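Dumped run-v4.txt below, it's compact mmCIF, C-alpha atoms:
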```txt
# COMPACT_ATOMS: atom_id res chain seq x y z
CA MET I 776 -223.64 128.08 166.49
CA ASN I 777 -221.52 130.99 167.63
CA VAL I 778 -217.81 130.81 166.75
CA ALA I 779 -216.84 132.42 170.07
CA THR I 780 -218.76 129.75 171.97
CA GLU I 781 -217.11 127.03 169.92
CA THR I 782 -213.64 128.47 170.55
CA GLY I 783 -214.35 128.79 174.25
CA SER I 784 -215.38 125.17 174.37
CA TRP I 785 -212.21 124.08 172.60
CA ARG I 786 -210.18 126.20 175.03
CA ARG I 787 -211.96 124.63 177.97
CA ILE I 788 -211.39 121.11 176.67
CA LEU I 789 -207.76 121.75 175.79
CA GLY I 790 -207.15 123.55 179.08
CA THR I 791 -208.50 120.71 181.19
CA LEU I 792 -206.55 118.12 179.23
CA ILE I 793 -203.34 120.15 179.59
CA LEU I 794 -204.05 120.45 183.33
CA ALA I 795 -204.50 116.67 183.49
CA VAL I 796 -201.16 116.10 181.75
CA LEU I 797 -199.46 118.54 184.13
CA LEU I 798 -200.98 116.83 187.17
CA GLU I 799 -199.54 113.54 185.92
CA GLN I 800 -196.09 115.16 185.82
CA LEU I 801 -196.06 116.20 189.48
CA PRO I 802 -193.35 114.41 191.49
CA TRP I 803 -195.50 111.62 192.93
CA SER I 804 -193.80 109.03 195.12
CA GLY I 805 -194.65 106.26 197.57
CA TRP I 806 -198.33 105.74 198.33
CA ALA I 807 -199.25 108.96 196.57
CA LEU I 808 -197.88 107.45 193.34
CA ALA I 809 -199.72 104.17 193.95
CA LEU I 810 -202.98 106.04 194.64
CA ARG I 811 -202.55 108.66 191.89
CA PRO I 812 -205.64 108.71 189.68
CA ASP I 813 -205.18 108.64 185.94
CA PHE I 814 -205.94 112.32 185.42
CA VAL I 815 -205.57 112.13 181.65
CA LEU I 816 -207.94 109.17 181.37
CA VAL I 817 -210.55 110.90 183.54
CA GLY I 818 -210.27 114.03 181.38
CA VAL I 819 -210.51 112.12 178.11
CA LEU I 820 -213.49 110.06 179.27
CA PHE I 821 -215.24 113.11 180.73
CA TRP I 822 -215.01 115.04 177.47
CA THR I 823 -215.86 111.95 175.45
CA LEU I 824 -219.06 111.63 177.47
CA HIS I 825 -220.03 115.30 177.23
CA GLN I 826 -218.53 116.31 173.86
CA PRO I 827 -218.21 113.11 171.78
CA ALA I 828 -217.89 114.99 168.49
CA ARG I 829 -214.81 116.83 169.73
CA ILE I 830 -212.90 114.24 171.76
CA SER I 831 -212.88 110.61 170.81
CA PHE I 832 -210.58 107.85 169.57
CA GLY I 833 -207.85 109.94 167.94
CA ALA I 834 -207.40 112.24 170.92
CA ALA I 835 -207.49 109.27 173.29
CA PHE I 836 -204.78 107.49 171.31
CA VAL I 837 -202.50 110.55 171.16
CA LEU I 838 -202.97 111.33 174.85
CA GLY I 839 -202.36 107.66 175.63
CA LEU I 840 -199.05 107.83 173.76
CA LEU I 841 -198.21 110.94 175.78
CA ALA I 842 -199.05 109.07 179.00
CA ASP I 843 -196.77 106.21 177.90
CA PHE I 844 -193.98 108.69 177.28
CA GLN I 845 -194.53 110.36 180.67
CA ASP I 846 -194.63 107.10 182.63
CA GLY I 847 -191.79 105.48 180.71
CA THR I 848 -193.91 102.44 179.91
CA VAL I 849 -194.29 100.36 176.77
CA PHE I 850 -195.12 102.72 173.93
CA GLY I 851 -198.77 102.19 173.01
CA GLN I 852 -199.76 100.61 176.33
CA HIS I 853 -201.93 103.48 177.56
CA ALA I 854 -202.93 104.43 174.02
CA ILE I 855 -204.65 101.08 173.45
CA ALA I 856 -206.24 101.16 176.89
CA TYR I 857 -207.54 104.73 176.48
CA VAL I 858 -209.14 103.83 173.16
CA ILE I 859 -210.88 100.89 174.87
CA GLY I 860 -212.14 103.28 177.57
CA VAL I 861 -213.45 105.76 174.99
CA TYR I 862 -215.23 102.97 173.15
CA LEU I 863 -216.93 101.79 176.35
CA VAL I 864 -218.01 105.33 177.27
CA LEU I 865 -219.39 105.96 173.79
CA PHE I 866 -221.20 102.62 173.89
CA LEU I 867 -222.80 103.47 177.26
CA ARG I 868 -223.09 107.23 176.70
CA LEU I 869 -226.87 107.62 176.72
CA ARG I 870 -227.12 105.51 179.84
CA LEU I 871 -224.33 107.36 181.65
CA LEU I 872 -225.84 110.77 180.96
CA GLN I 873 -229.01 109.80 182.85
CA PHE I 874 -227.24 109.26 186.17
CA ASP I 875 -226.32 111.62 188.97
CA PRO I 876 -222.56 111.94 189.75
CA LEU I 877 -222.49 109.12 192.33
CA ARG I 878 -224.24 106.59 190.11
CA GLN I 879 -222.22 107.78 187.13
CA ALA I 880 -218.99 107.13 189.06
CA ALA I 881 -220.28 103.68 190.00
CA GLN I 882 -220.99 102.96 186.33
CA LEU I 883 -217.52 104.19 185.35
CA PHE I 884 -215.73 102.00 187.91
CA PRO I 885 -215.82 98.92 185.62
CA ILE I 886 -214.62 101.06 182.71
CA PHE I 887 -211.66 102.32 184.72
CA LEU I 888 -211.00 98.73 185.77
CA ALA I 889 -211.11 97.52 182.15
CA VAL I 890 -208.70 100.26 181.10
CA GLN I 891 -206.28 99.46 183.94
CA LEU I 892 -206.45 95.74 183.15
CA ALA I 893 -205.71 96.51 179.49
CA VAL I 894 -202.67 98.58 180.56
CA LEU I 895 -201.49 95.72 182.77
CA LEU I 896 -202.10 93.10 180.09
CA VAL I 897 -200.19 94.96 177.39
CA GLY I 898 -197.37 95.68 179.84
CA TRP I 899 -197.30 92.03 180.90
CA LEU I 900 -197.18 90.80 177.32
CA ALA I 901 -194.42 93.24 176.39
CA VAL I 902 -192.18 93.31 179.46
CA ASN I 903 -192.99 91.33 182.58
CA PRO I 904 -195.93 90.23 184.71
CA PRO I 905 -197.39 92.76 187.16
CA THR I 906 -196.61 92.32 190.83
CA GLY I 907 -199.25 92.77 193.52
CA LEU I 908 -202.72 94.23 193.49
CA ALA I 909 -201.54 97.76 194.32
CA MET I 910 -201.54 98.39 190.58
CA LEU I 911 -205.34 98.46 190.72
CA LEU I 912 -205.49 101.31 193.26
CA PRO I 913 -205.68 103.99 190.51
CA VAL I 914 -209.06 102.50 189.57
CA LEU I 915 -210.48 103.53 192.94
CA SER I 916 -208.88 106.96 192.96
CA SER I 917 -209.94 107.63 189.35
CA THR I 918 -213.52 106.70 190.27
CA VAL I 919 -213.44 109.10 193.23
CA LEU I 920 -211.94 111.80 191.00
CA TRP I 921 -214.70 111.22 188.43
CA TYR I 922 -217.33 111.65 191.14
CA LEU I 923 -215.77 114.90 192.34
CA VAL I 924 -215.40 116.33 188.82
CA ALA I 925 -218.93 115.30 187.80
CA LEU I 926 -220.34 116.75 191.02
CA LEU I 927 -218.44 120.02 190.56
CA MET I 928 -219.54 120.34 186.94
CA ARG I 929 -223.15 119.57 187.82
CA LEU I 930 -223.11 122.21 190.58
CA TRP I 931 -221.40 124.72 188.31
CA HIS I 932 -223.35 124.17 185.07
CA GLY I 933 -226.52 122.48 186.17
CA LYS I 934 -227.87 119.10 185.10
CA GLY I 935 -228.17 119.78 181.37
CA MET I 936 -224.45 120.18 180.62
CA GLN I 937 -224.23 117.48 177.97
CA ASP I 938 -224.00 118.34 174.28
CA ARG I 939 -223.32 122.00 174.83
CA ALA I 940 -221.05 123.62 172.31
```

Mind turning this structure into C-alpha cells?
Amino acid sequence: MNVATETGSWRRILGTLILAVLLEQLPWSGWALALRPDFVLVGVLFWTLHQPARISFGAAFVLGLLADFQDGTVFGQHAIAYVIGVYLVLFLRLRLLQFDPLRQAAQLFPIFLAVQLAVLLVGWLAVNPPTGLAMLLPVLSSTVLWYLVALLMRLWHGKGMQDRA
C-alpha cells in the first residue's frame, strides 16, 4: 500500500470529521436546531462502514465526548450512544455495503433511532425525562443526510468505494 494514499485517506477522514464537528457548532436555533442532523454521528458511522480498520469504537467514544461537551449534555451521553451505533454498523456492515444509497439509508434509520434513544435514556437517567417527540426529529434528518452523503460518494467514487485505503 502506498504511504501517500494512506495519508490522503487519513486526511480525508479527519477532514470530514472536523467538518462535521464544525457544522455542529453553527448557531442553530428554533426548528433548525430541532431538525439538525447529528453530523458527527453520520460521519463516524459512514467511515466505520467504509473504513472499519481506521474508525471504530475509540474514535466514536472520543467524538461522542466532544459532542457532549459541545451540546452541554451529560458527559458520556453521546459517547455511549455513538459506540452503540458503531457496534450496530459493524455488525451489519456486509449487509449494508450491498445496498444502494436509498436502501442503505432505510437500513440505517433504526440505527440512528437506537442511538438517539440511547442518548435520551442516558440523559433521562442522569438528569430528567425527555419532553415531547421533537427529540426524535434528528433521526429523520440524519437519515436524509446519510442518503445524500452516500449518493454523493457513490456518484463521485463509483459503487466500489468500500475498503479503499

Computed interatomic separation between CA of Gln800 (chain I) and CA of Leu892 (chain I) (Å): 22.2 Å

One-decimal distance in Å that lies between CA of Leu801 (chain I) and CA of Gly907 (chain I):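 Taking CA of Gly907 (chain I) as the start and CA of Leu801 (chain I) as the end point, the length is 24.0 Å.
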
Do you know which residues are at most 8 Å from Val817 (chain I) counting all atoms listed in the file, after dropping those on the same chain fewer than 5 positions away, and could you put them as a compact mmCIF listing (two decimals) with C-alpha atoms, keeping the file's coordinate frame?
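Written out: around_22.txt:
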```txt
# COMPACT_ATOMS: atom_id res chain seq x y z
CA SER I 917 -209.94 107.63 189.35
CA LEU I 920 -211.94 111.80 191.00
CA TRP I 921 -214.70 111.22 188.43
```

Counting all atoms listed in the file, the residue of I:Gly933, I:Gly790, I:Pro885, I:Gly847 that sits nearest Gly818 (chain I):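 Closest residue, counting all atoms listed in the file: I:Gly790.
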
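Proximity of I:Leu896, I:Leu888, I:Ile859, I:Leu872 to Arg929 (chain I), computed with all atoms listed in the file, is greatest for I:Leu872.
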
Coordinates-based distance that separates CA of Leu792 (chain I) from CA of Val819 (chain I) (Å, one decimal): 7.3 Å

Top pick for closest residue to Gln852 (chain I), considering I:Leu865, I:Val894, I:Leu816, I:Ala889 and counting only C-alpha atoms: I:Val894

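Distances to Gln826 (chain I) were evaluated for I:Trp899, I:Ser784, I:Leu841, I:Val796 using only C-alpha atoms, and the minimum falls at I:Ser784.
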
Option closest in space to Ile886 (chain I), from I:Gly860, I:Pro905, I:Pro802, I:Gly898 [counting all atoms listed in the file]: I:Gly860

Using all atoms listed in the file: which of I:Phe874, I:Tyr862, I:Phe887, I:Trp803 has the shortest distance to Ser831 (chain I):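 Closest candidate: I:Tyr862.
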
At the level of N, CA, C and O atoms, write region 821-840 of chain I to a file as a tab-separated table (two decimals), in the first residue's frame, please.
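Resulting contents of decode_38.tsv:
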```
chain	number	residue	atom	x	y	z
I	821	PHE	N	-20.41	6.62	8.81
I	821	PHE	CA	-20.01	6.49	7.40
I	821	PHE	C	-18.61	5.91	7.30
I	821	PHE	O	-18.37	4.97	6.55
I	822	TRP	N	-17.67	6.46	8.06
I	822	TRP	CA	-16.30	5.97	7.98
I	822	TRP	C	-16.16	4.61	8.65
I	822	TRP	O	-15.29	3.82	8.25
I	823	THR	N	-16.98	4.32	9.63
I	823	THR	CA	-16.96	2.98	10.22
I	823	THR	C	-17.40	1.95	9.18
I	823	THR	O	-16.83	0.86	9.09
I	824	LEU	N	-18.39	2.30	8.38
I	824	LEU	CA	-18.87	1.39	7.35
I	824	LEU	C	-17.83	1.18	6.26
I	824	LEU	O	-17.59	0.06	5.83
I	825	HIS	N	-17.19	2.26	5.83
I	825	HIS	CA	-16.29	2.17	4.68
I	825	HIS	C	-14.82	1.97	5.04
I	825	HIS	O	-14.05	1.51	4.20
I	826	GLN	N	-14.42	2.32	6.24
I	826	GLN	CA	-13.03	2.14	6.69
I	826	GLN	C	-13.01	1.63	8.13
I	826	GLN	O	-12.54	2.32	9.04
I	827	PRO	N	-13.50	0.43	8.38
I	827	PRO	CA	-13.64	-0.04	9.77
I	827	PRO	C	-12.31	-0.22	10.51
I	827	PRO	O	-12.29	-0.16	11.73
I	828	ALA	N	-11.22	-0.39	9.79
I	828	ALA	CA	-9.93	-0.54	10.46
I	828	ALA	C	-9.39	0.80	10.96
I	828	ALA	O	-8.53	0.83	11.82
I	829	ARG	N	-9.91	1.89	10.43
I	829	ARG	CA	-9.40	3.21	10.80
I	829	ARG	C	-10.29	3.94	11.79
I	829	ARG	O	-9.79	4.71	12.60
I	830	ILE	N	-11.57	3.77	11.68
I	830	ILE	CA	-12.51	4.46	12.58
I	830	ILE	C	-13.40	3.42	13.20
I	830	ILE	O	-14.09	2.68	12.51
I	831	SER	N	-13.37	3.35	14.52
I	831	SER	CA	-14.26	2.41	15.18
I	831	SER	C	-14.56	2.89	16.59
I	831	SER	O	-14.78	4.08	16.78
I	832	PHE	N	-14.55	2.02	17.55
I	832	PHE	CA	-15.06	2.32	18.89
I	832	PHE	C	-14.34	3.47	19.58
I	832	PHE	O	-14.99	4.33	20.18
I	833	GLY	N	-13.03	3.48	19.54
I	833	GLY	CA	-12.27	4.53	20.23
I	833	GLY	C	-12.58	5.91	19.68
I	833	GLY	O	-12.82	6.87	20.43
I	834	ALA	N	-12.57	6.04	18.37
I	834	ALA	CA	-12.87	7.32	17.74
I	834	ALA	C	-14.31	7.73	18.03
I	834	ALA	O	-14.59	8.91	18.29
I	835	ALA	N	-15.23	6.77	17.99
I	835	ALA	CA	-16.63	7.08	18.28
I	835	ALA	C	-16.79	7.59	19.71
I	835	ALA	O	-17.52	8.55	19.96
I	836	PHE	N	-16.10	6.96	20.65
I	836	PHE	CA	-16.20	7.37	22.04
I	836	PHE	C	-15.65	8.78	22.24
I	836	PHE	O	-16.29	9.63	22.87
I	837	VAL	N	-14.48	9.06	21.67
I	837	VAL	CA	-13.87	10.39	21.80
I	837	VAL	C	-14.73	11.45	21.14
I	837	VAL	O	-14.97	12.53	21.72
I	838	LEU	N	-15.23	11.18	19.95
I	838	LEU	CA	-16.08	12.15	19.27
I	838	LEU	C	-17.43	12.31	19.99
I	838	LEU	O	-18.02	13.40	19.98
I	839	GLY	N	-17.89	11.24	20.63
I	839	GLY	CA	-19.10	11.35	21.45
I	839	GLY	C	-18.88	12.25	22.66
I	839	GLY	O	-19.74	13.05	23.02
I	840	LEU	N	-17.72	12.14	23.29
I	840	LEU	CA	-17.39	13.03	24.40
I	840	LEU	C	-17.32	14.48	23.93
I	840	LEU	O	-17.79	15.40	24.62
```
